[in-house]
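K.L.:
Sharing a structure, written as structure tokens. Questions coming.
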Amino acid sequence: MERDELRTTLVNHLETLRRNLQVVSMEVLKTKYKKPFDVLRQDICKAATAYTRFLVFDGMRIKHKYFDEAVPYIDAAVKQTKRLKQISDAAFQRQDIDEIESLALALRKEIEAALQPFYMGHMCLYVTPECFDDPPKTPEIYNDATACVWRDGTWQLLEDTSKGFLLFVQSKSKEESAA
């Protein structure tokens, strides 16, 4: 599902909860209408999780071969954050999609910050034959975890580095370099 579909699904479930709360109390929903309310709560949880996950991870680049190495950084950020509880409160207490989005984007920033040491461990220089020309071209900064090169002030995708070689800033073991 794309962002708009995920958002629409969550908004629809939140609107259903809002309408229910306008006609009956939370206590009545939890007792007299327990089964349908439990289904609605599960639907909201699933939709909020899917939408939050999309907002947090959309466009975040990590090569498949490095994913297991990145997971502990992500997990640590998720364990330390208060954003997930706040997102749940925004959904179930206030039915506020804008607040959910804002909190999800704040969580994304927390995860990105937690991933910085991981990304720094994969920084290298991309040295091409032009670097040995007269005059020499300066090697480019490349991140092997993201397959991106720093050009014109932005990170740009460069998956094929076969025209040069990567000189890692931090030394890697022979097993890591061969992978």
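Lettering and numbering for the structure tokens are positional, with chains as A, B, ... in the shown order, residues counted from 1 in each chain, and ligands counted from 1 in the shown order.
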Range 23-26 of chain A: which residues within 12 Å, counting only C-alpha atoms, same-chain residues fewer than 5 positions away excluded, as a ChimeraX atom specification?
P.N.:
/A:16-18,31-34,37-38,41,92-93
K.L.:
Residues at most 9 Å from Met120 in chain A, counting only C-alpha atoms, excluding those fewer than 6 positions away in the same chain, as a list in words?
P.N.:
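The neighbour list is Asn143, Val169 and Gln170 of chain A.
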K.L.:
Would you write out, as JSON lines, a table of all residues in range 21-76 of chain A that have an atom no more than 10 Å from an atom of range 9-13 of chain A, listing for each the closest atom pair and the distance in Å to one decimal, considering only C-alpha atoms and ordering rows by chain and rising residue number?
P.N.:
```
{"residue": "A:Leu40", "atom": "CA", "partner": "A:His13", "partner_atom": "CA", "distance": 7.0}
{"residue": "A:Arg41", "atom": "CA", "partner": "A:His13", "partner_atom": "CA", "distance": 8.6}
{"residue": "A:Gln42", "atom": "CA", "partner": "A:His13", "partner_atom": "CA", "distance": 10.0}
{"residue": "A:Asp43", "atom": "CA", "partner": "A:His13", "partner_atom": "CA", "distance": 7.0}
{"residue": "A:Ile44", "atom": "CA", "partner": "A:His13", "partner_atom": "CA", "distance": 5.9}
{"residue": "A:Cys45", "atom": "CA", "partner": "A:Leu10", "partner_atom": "CA", "distance": 8.9}
{"residue": "A:Lys46", "atom": "CA", "partner": "A:Leu10", "partner_atom": "CA", "distance": 8.6}
{"residue": "A:Ala47", "atom": "CA", "partner": "A:Leu10", "partner_atom": "CA", "distance": 5.1}
{"residue": "A:Ala48", "atom": "CA", "partner": "A:Leu10", "partner_atom": "CA", "distance": 6.1}
{"residue": "A:Thr49", "atom": "CA", "partner": "A:Leu10", "partner_atom": "CA", "distance": 9.4}
{"residue": "A:Ala50", "atom": "CA", "partner": "A:Leu10", "partner_atom": "CA", "distance": 9.0}
{"residue": "A:Tyr51", "atom": "CA", "partner": "A:Leu10", "partner_atom": "CA", "distance": 7.5}
```
K.L.:
For Leu55 in chain A, which residue among A:Glu101, A:Asp152, A:Glu112, A:Glu159 is the nearest when counting only C-alpha atoms?
P.N.:
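Closest residue, counting only C-alpha atoms: A:Glu101.
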K.L.:
Which one of A:Val71, A:Met123, A:Asp134, A:Gly59 sits closest to Trp150 in chain A if you count only C-alpha atoms?
P.N.:
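Residue with the minimum atom-to-atom distance to Trp150 in chain A: A:Met123.
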K.L.:
Of the candidates A:Glu110, A:Asp4, A:Glu99, A:Glu15, which shows the shortest atom-to-atom distance to Tyr73 in chain A, using only C-alpha atoms?
P.N.:
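For Tyr73 in chain A, the nearest of the given residues is A:Glu110.
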K.L.:
Write out as an NGL selection string the set of residues from range 42-176 of chain A that DSSP, computed on the backbone, places in strand (DSSP E).
P.N.:
:A and (123-127 or 140-143 or 148-151 or 154-157 or 165-168)
K.L.:
Quick check for you: according to DSSP on this backbone, which residues of chain A are classed as alpha helix (DSSP H)? Reply as a count of residues only.
P.N.:
101
K.L.:
At what distance in Å, to one decimal, does CA of Glu69 in chain A lie from CA of Leu6 in chain A?
P.N.:
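Rounded to one decimal, the two atoms are 28.7 Å apart.
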K.L.:
Looking at A:Ala114, A:Ile62, A:Leu14, A:Ala76, which one is nearest to Ser88 in chain A, with distances taken over only C-alpha atoms?
P.N.:
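Of A:Ala114, A:Ile62, A:Leu14, A:Ala76, the one nearest Ser88 in chain A, counting only C-alpha atoms, is A:Leu14.
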K.L.:
Residues at most 9 Å from Thr146 in chain A, counting only C-alpha atoms, excluding those fewer than 3 positions away in the same chain, as a PyMOL selection string?
P.N.:
chain A and resi 60-63+119+122+142-143+149+157-159
K.L.:
Write a file of the just-selected residues containing C-alpha atoms, as a compact mmCIF listing (two decimals), in the first residue's frame.
P.N.:
```
# COMPACT_ATOMS: atom_id res chain seq x y z
CA MET A 60 15.66 4.97 4.37
CA ARG A 61 18.52 3.18 2.62
CA ILE A 62 20.41 0.21 4.04
CA LYS A 63 21.93 -2.44 1.80
CA TYR A 119 26.48 4.75 8.74
CA HIS A 122 30.62 2.35 6.27
CA TYR A 142 30.78 7.12 -0.55
CA ASN A 143 28.67 5.24 1.99
CA VAL A 149 27.88 9.09 -3.02
CA LEU A 157 22.49 6.75 -5.43
CA LEU A 158 25.54 5.04 -6.96
CA GLU A 159 25.09 1.29 -6.84
```
K.L.:
Grab the CA of Gln156 in chain A to CA of Lys137 in chain A distance for me, in Å with one decimal place.
P.N.:
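Taking CA of Gln156 in chain A as the start and CA of Lys137 in chain A as the end point, the length is 18.3 Å.
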